Amino acid sequence: MKVVITSTIVAVILALTFSLPALAQENGTITITMTGLNEISISLDKTQWPLGDVASNTEYETSPPIEWCTLTVEGNCNVNTFIVGEDAKWIDNPSAYKWTLSNDGTNGEHIYGLWFRISGDTTRGPLGDGYVPITKTESEFWPYTGGSGSSLTPGDTKQFGLRLLTPTYFISSRQMQTQITISAVVA
Amino acid sequence: MIGRIKLAGLIAALLVIFFPSLTLAQDINFSVSPAEVKIDNLSPGGAAEFELTIHNKNEVAHVFTFTTFQPPEEETREGRAEFPNASWISFFPQEIEVAAKSEANVTVSVAIPQEQKWAGQDWETWLGVAAESSDLLGVKLYVRLLVSTNPAMETRSNAGLFAGIAVAIVLLGYGGYYYFRRKARPG
């Protein structure tokens with residue numbers, strides 16, 4: 001009996017010797033580094049573009065065309081910015097009718113195009129006129145690949161305008177609504 | 001063909017016309033801090049929590065929603081791979097209303113499944129904070145989330161446990177065998 005008790009105690013001690021350090025590691029220190037006082041913020045001085053009635057296969061530009069809205073970096077960190085669009089939906093029944101946002105700024109039946117142009121950008125974009133298509137994939141707003149610009153710093157501003165190319169054919173008398181999202185991440 | 005497009009919210013447009021004092025409220029201005037969160041030494045099977053602070057700088061209350069976004073590789077920090085599964089990240093609450101000129105916190109939880117393949121990894125994903133709006137232009141702010149998991153922690157932990165259990169079984173078996181053998185010995 002004595003042997004059983006002794007061996008049991010030894011077994012438990014040995015088991016604990018092996019396993020406790022390992023178990024202790026499960027509670028190892030997790031380091032969470034919150035990059036201090038960094039606050040990210042951008043602001044837009046305009047968020048609406050009420051167009052009213054529009055014709056098919058027609059281009060509409062904000063007024064002024066390229067200095068319509070001002071993006072300002074408000075936080076205390078440098079940022080890279082992006083832009084993304086979405087399909088335009090019929091307000092009364094969003095699931096019943098939409099205009100699909102094209103992936104290259106062109107239009108088609110029930111397909112519309114959106115473009116942006118940043119003030120000072122005269123050669124950017126597929127046509128080399130400064131206008132860049134807005135698509136459903138988040139893409140660079142500023143800075144951009146191939147451009148000489150760098151990340152925006154606190155206090156920096158960027159003025160830009162929009163262009164809408166309506167579908168070649170759409171169902172009339174329906175109010176459509178869409179959203180363009182401008183996003184920012186710490187550089 | 002003439003159609004109607006409401007790209008920016010007709011009601012809001014009327015407010016701009018008839019109630020100029022309300023136009024300020026249509027601007028988008030909020031901030032999120034911190035702009036970057038780094039979690040180190042997170043073990044597979046473990047979880048970490050931190051808070052994001054949303055500061056609504058507008059004159060009206062806004063509802064803020066939270067999402068995760070996997071950025072393209074060229075936008076991530078060097079050496080960071082794609083975060084494997086967005087469902088490992090949760091927000092509490094999932095949306096929050098922040099009063100005008102006020103701040104509120106959202107708790108973010110990151111939980112890594114207990115699988116060896118997730119040990120020793122360096123990941124990046126972005127946490128998106130957006131103000132709900134029906135305006136044409138919206139703003140989303142991203143917080144960079146960098147997660148590094150504990151290298152091979154689980155291997156050591158399991159090895160220790162298994163070694164301890166194995167030693168215990170061997171010793172108990174030996175003790176039991178020795179005891180019964182002695183007991184069975186005559187006289």
# chains A, B, ... in the order shown; residues from 1 in each chain; ligands from 1
>>> interface_residues(of="chain A", to="chain B", cutoff="6 Å", atoms="only C-alpha atoms", output="ChimeraX atom specification")
/A:4,7-8,11,15,18-19,22,30-35,38-41,43-50,52-56,172-185
>>> select_by_dssp(residues="range 45-143 of chain B", states="strand (DSSP E)", output="PyMOL selection string")
chain B and resi 47-56+62-69+81-82+89-92+95-98+102-111+122-131+137-143
>>> write_last_selection(atoms="C-alpha atoms", output="PDB file, in the first residue's frame")
ATOM      1  CA  ALA B  47      -8.587  36.296 -26.825  1.00  0.00           C
ATOM      2  CA  ALA B  48      -7.782  39.964 -26.414  1.00  0.00           C
ATOM      3  CA  GLU B  49      -9.992  42.988 -25.947  1.00  0.00           C
ATOM      4  CA  PHE B  50      -9.469  46.671 -26.452  1.00  0.00           C
ATOM      5  CA  GLU B  51     -11.574  49.786 -26.888  1.00  0.00           C
ATOM      6  CA  LEU B  52     -11.948  52.256 -29.713  1.00  0.00           C
ATOM      7  CA  THR B  53     -13.143  55.746 -28.939  1.00  0.00           C
ATOM      8  CA  ILE B  54     -15.447  57.447 -31.433  1.00  0.00           C
ATOM      9  CA  HIS B  55     -15.728  61.194 -31.183  1.00  0.00           C
ATOM     10  CA  ASN B  56     -18.731  62.676 -32.970  1.00  0.00           C
ATOM     11  CA  HIS B  62     -24.981  59.867 -35.486  1.00  0.00           C
ATOM     12  CA  VAL B  63     -25.238  56.114 -35.505  1.00  0.00           C
ATOM     13  CA  PHE B  64     -21.861  54.506 -36.139  1.00  0.00           C
ATOM     14  CA  THR B  65     -21.435  51.025 -37.555  1.00  0.00           C
ATOM     15  CA  PHE B  66     -18.409  48.756 -37.439  1.00  0.00           C
ATOM     16  CA  THR B  67     -16.977  46.404 -40.017  1.00  0.00           C
ATOM     17  CA  THR B  68     -13.771  44.616 -40.825  1.00  0.00           C
ATOM     18  CA  PHE B  69     -11.993  45.085 -44.115  1.00  0.00           C
ATOM     19  CA  ALA B  81      -0.367  38.477 -43.923  1.00  0.00           C
ATOM     20  CA  GLU B  82      -4.112  38.542 -44.474  1.00  0.00           C
ATOM     21  CA  ILE B  89     -13.287  39.819 -34.540  1.00  0.00           C
ATOM     22  CA  SER B  90     -16.386  41.098 -32.815  1.00  0.00           C
ATOM     23  CA  PHE B  91     -17.632  44.517 -31.813  1.00  0.00           C
ATOM     24  CA  PHE B  92     -19.695  45.337 -28.775  1.00  0.00           C
ATOM     25  CA  GLU B  95     -23.495  49.825 -33.694  1.00  0.00           C
ATOM     26  CA  ILE B  96     -23.671  52.792 -31.425  1.00  0.00           C
ATOM     27  CA  GLU B  97     -25.388  56.149 -31.384  1.00  0.00           C
ATOM     28  CA  VAL B  98     -23.104  58.956 -30.361  1.00  0.00           C
ATOM     29  CA  SER B 102     -19.705  63.522 -27.652  1.00  0.00           C
ATOM     30  CA  GLU B 103     -17.560  60.439 -27.387  1.00  0.00           C
ATOM     31  CA  ALA B 104     -18.401  56.781 -26.984  1.00  0.00           C
ATOM     32  CA  ASN B 105     -16.404  53.578 -26.735  1.00  0.00           C
ATOM     33  CA  VAL B 106     -16.804  50.322 -28.582  1.00  0.00           C
ATOM     34  CA  THR B 107     -15.165  47.137 -27.335  1.00  0.00           C
ATOM     35  CA  VAL B 108     -13.350  45.058 -29.913  1.00  0.00           C
ATOM     36  CA  SER B 109     -12.645  41.414 -29.168  1.00  0.00           C
ATOM     37  CA  VAL B 110     -10.174  39.265 -31.083  1.00  0.00           C
ATOM     38  CA  ALA B 111     -10.393  35.512 -30.451  1.00  0.00           C
ATOM     39  CA  ASP B 122       1.650  38.065 -38.135  1.00  0.00           C
ATOM     40  CA  TRP B 123      -1.613  39.366 -39.543  1.00  0.00           C
ATOM     41  CA  GLU B 124      -3.199  42.668 -40.446  1.00  0.00           C
ATOM     42  CA  THR B 125      -6.772  43.688 -40.985  1.00  0.00           C
ATOM     43  CA  TRP B 126      -8.614  47.006 -40.814  1.00  0.00           C
ATOM     44  CA  LEU B 127     -11.517  47.920 -38.560  1.00  0.00           C
ATOM     45  CA  GLY B 128     -13.933  50.270 -40.288  1.00  0.00           C
ATOM     46  CA  VAL B 129     -16.003  52.884 -38.468  1.00  0.00           C
ATOM     47  CA  ALA B 130     -18.677  54.674 -40.498  1.00  0.00           C
ATOM     48  CA  ALA B 131     -21.487  57.079 -39.717  1.00  0.00           C
ATOM     49  CA  LEU B 137     -20.822  61.111 -49.742  1.00  0.00           C
ATOM     50  CA  GLY B 138     -19.920  59.098 -46.693  1.00  0.00           C
ATOM     51  CA  VAL B 139     -16.765  58.764 -44.632  1.00  0.00           C
ATOM     52  CA  LYS B 140     -15.259  55.607 -43.212  1.00  0.00           C
ATOM     53  CA  LEU B 141     -12.248  55.604 -40.916  1.00  0.00           C
ATOM     54  CA  TYR B 142     -10.079  52.537 -40.647  1.00  0.00           C
ATOM     55  CA  VAL B 143      -8.073  51.418 -37.633  1.00  0.00           C
TER      56      VAL B 143
END
>>> closest_residue(among="A:Pro143, A:Arg124, A:Thr137, A:Ile111", to="Ile171 in chain A", atoms="only C-alpha atoms")
A:Ile111
>>> atom_distance(atom1="CA of Thr166 in chain A", atom2="CA of Asn57 in chain A")
5.0 Å
>>> closest_residue(among="A:Phe82, A:Trp90, A:Trp68, A:Tyr169", to="Gly108 in chain A", atoms="only C-alpha atoms")
A:Tyr169
>>> select_by_dssp(residues="range 65-115 of chain B", states="helix (DSSP H, G or I)", output="VMD selection string")
chain B and resid 73 to 75 86 to 88
>>> write_last_selection(atoms="N, CA and C atoms", output="compact mmCIF listing (two decimals), in the first residue's frame")
# COMPACT_ATOMS: atom_id res chain seq x y z
N GLU B 73 -2.78 43.66 -50.35
CA GLU B 73 -1.46 43.39 -49.78
C GLU B 73 -0.56 44.63 -49.79
N GLU B 74 -0.66 45.43 -50.85
CA GLU B 74 0.24 46.59 -50.97
C GLU B 74 -0.06 47.68 -49.95
N GLU B 75 -1.20 47.58 -49.29
CA GLU B 75 -1.56 48.59 -48.29
C GLU B 75 -1.23 48.14 -46.87
N ALA B 86 -12.58 36.99 -40.61
CA ALA B 86 -13.15 38.20 -40.00
C ALA B 86 -14.08 37.87 -38.83
N SER B 87 -14.61 36.65 -38.80
CA SER B 87 -15.55 36.30 -37.72
C SER B 87 -14.83 36.15 -36.37
N TRP B 88 -13.51 36.17 -36.38
CA TRP B 88 -12.77 36.11 -35.12
C TRP B 88 -12.78 37.46 -34.41
>>> closest_atom_pairs(of="range 19-107 of chain A", to="range 144-149 of chain A", cutoff="12 Å", atoms="only C-alpha atoms", output="Markdown table")
| residue | atom | partner | partner_atom | distance |
| --- | --- | --- | --- | --- |
| A:Asn80 | CA | A:Tyr144 | CA | 8.9 |
| A:Thr81 | CA | A:Tyr144 | CA | 8.9 |
| A:Phe82 | CA | A:Tyr144 | CA | 9.1 |
| A:Ile83 | CA | A:Tyr144 | CA | 11.2 |
>>> write_last_selection(atoms="N, CA and C atoms", output="mmCIF file, in the first residue's frame")
data_model
loop_
_atom_site.group_PDB
_atom_site.id
_atom_site.type_symbol
_atom_site.label_atom_id
_atom_site.label_comp_id
_atom_site.auth_asym_id
_atom_site.auth_seq_id
_atom_site.Cartn_x
_atom_site.Cartn_y
_atom_site.Cartn_z
ATOM 1 N N ASN A 80 -3.639 57.717 -45.598
ATOM 2 C CA ASN A 80 -3.863 57.385 -47.005
ATOM 3 C C ASN A 80 -5.376 57.289 -47.184
ATOM 4 N N THR A 81 -5.872 57.766 -48.315
ATOM 5 C CA THR A 81 -7.327 57.786 -48.493
ATOM 6 C C THR A 81 -7.738 56.953 -49.711
ATOM 7 N N PHE A 82 -8.976 56.490 -49.655
ATOM 8 C CA PHE A 82 -9.516 55.589 -50.681
ATOM 9 C C PHE A 82 -10.943 56.019 -51.013
ATOM 10 N N ILE A 83 -11.446 55.484 -52.129
ATOM 11 C CA ILE A 83 -12.809 55.826 -52.534
ATOM 12 C C ILE A 83 -13.485 54.583 -53.118
#
>>> residues_around(residues="Ala187 in chain A", least_positions_apart="4", cutoff="8 Å", atoms="only C-alpha atoms", output="number ranges by chain")
A: 77-80, 151
>>> write_last_selection(atoms="N, CA and C atoms", output="mmCIF file, in the first residue's frame")
data_model
loop_
_atom_site.group_PDB
_atom_site.id
_atom_site.type_symbol
_atom_site.label_atom_id
_atom_site.label_comp_id
_atom_site.auth_asym_id
_atom_site.auth_seq_id
_atom_site.Cartn_x
_atom_site.Cartn_y
_atom_site.Cartn_z
ATOM 1 N N CYS A 77 -2.687 62.242 -37.337
ATOM 2 C CA CYS A 77 -1.776 61.296 -37.979
ATOM 3 C C CYS A 77 -1.899 61.402 -39.500
ATOM 4 N N ASN A 78 -0.843 61.027 -40.156
ATOM 5 C CA ASN A 78 -0.853 61.023 -41.622
ATOM 6 C C ASN A 78 -1.768 59.915 -42.117
ATOM 7 N N VAL A 79 -2.434 60.166 -43.223
ATOM 8 C CA VAL A 79 -3.396 59.173 -43.716
ATOM 9 C C VAL A 79 -3.237 58.924 -45.210
ATOM 10 N N ASN A 80 -3.639 57.717 -45.598
ATOM 11 C CA ASN A 80 -3.863 57.385 -47.005
ATOM 12 C C ASN A 80 -5.376 57.289 -47.184
ATOM 13 N N SER A 151 1.407 60.685 -48.526
ATOM 14 C CA SER A 151 0.290 60.620 -47.586
ATOM 15 C C SER A 151 -0.102 62.023 -47.134
#
>>> closest_residue(among="A:Val186, A:Ile91, A:Ile118, A:Leu101", to="Thr70 in chain A", atoms="only C-alpha atoms")
A:Ile118
>>> closest_residue(among="A:Thr135, A:Asn76, A:Thr153, A:Thr123", to="Asp104 in chain A", atoms="only C-alpha atoms")
A:Thr135
>>> atom_distance(atom1="CA of Tyr97 in chain A", atom2="CA of Leu51 in chain A")
19.1 Å
>>> residues_around(residues="range 161-163 of chain A", least_positions_apart="2", cutoff="7 Å", atoms="only C-alpha atoms", output="PDB file with C-alpha atoms, in the first residue's frame")
ATOM      1  CA  GLU A  59     -22.864  63.436 -68.258  1.00  0.00           C
ATOM      2  CA  TYR A  60     -23.419  65.582 -65.188  1.00  0.00           C
ATOM      3  CA  GLU A  61     -20.652  67.315 -63.273  1.00  0.00           C
ATOM      4  CA  THR A  62     -20.633  68.927 -59.890  1.00  0.00           C
ATOM      5  CA  PRO A  65     -16.360  70.601 -61.406  1.00  0.00           C
ATOM      6  CA  ILE A  66     -13.171  69.875 -59.492  1.00  0.00           C
ATOM      7  CA  GLU A  67     -13.362  72.082 -56.404  1.00  0.00           C
ATOM      8  CA  TRP A  68     -16.824  71.052 -55.329  1.00  0.00           C
ATOM      9  CA  CYS A  69     -15.955  69.306 -52.087  1.00  0.00           C
ATOM     10  CA  LEU A 114     -19.122  57.634 -61.683  1.00  0.00           C
ATOM     11  CA  TRP A 115     -15.871  59.553 -61.819  1.00  0.00           C
ATOM     12  CA  PHE A 116     -13.912  61.815 -59.504  1.00  0.00           C
ATOM     13  CA  ARG A 117     -11.255  64.370 -60.203  1.00  0.00           C
ATOM     14  CA  ILE A 118      -8.945  65.929 -57.650  1.00  0.00           C
ATOM     15  CA  LEU A 165     -22.721  59.303 -66.582  1.00  0.00           C
TER      16      LEU A 165
END
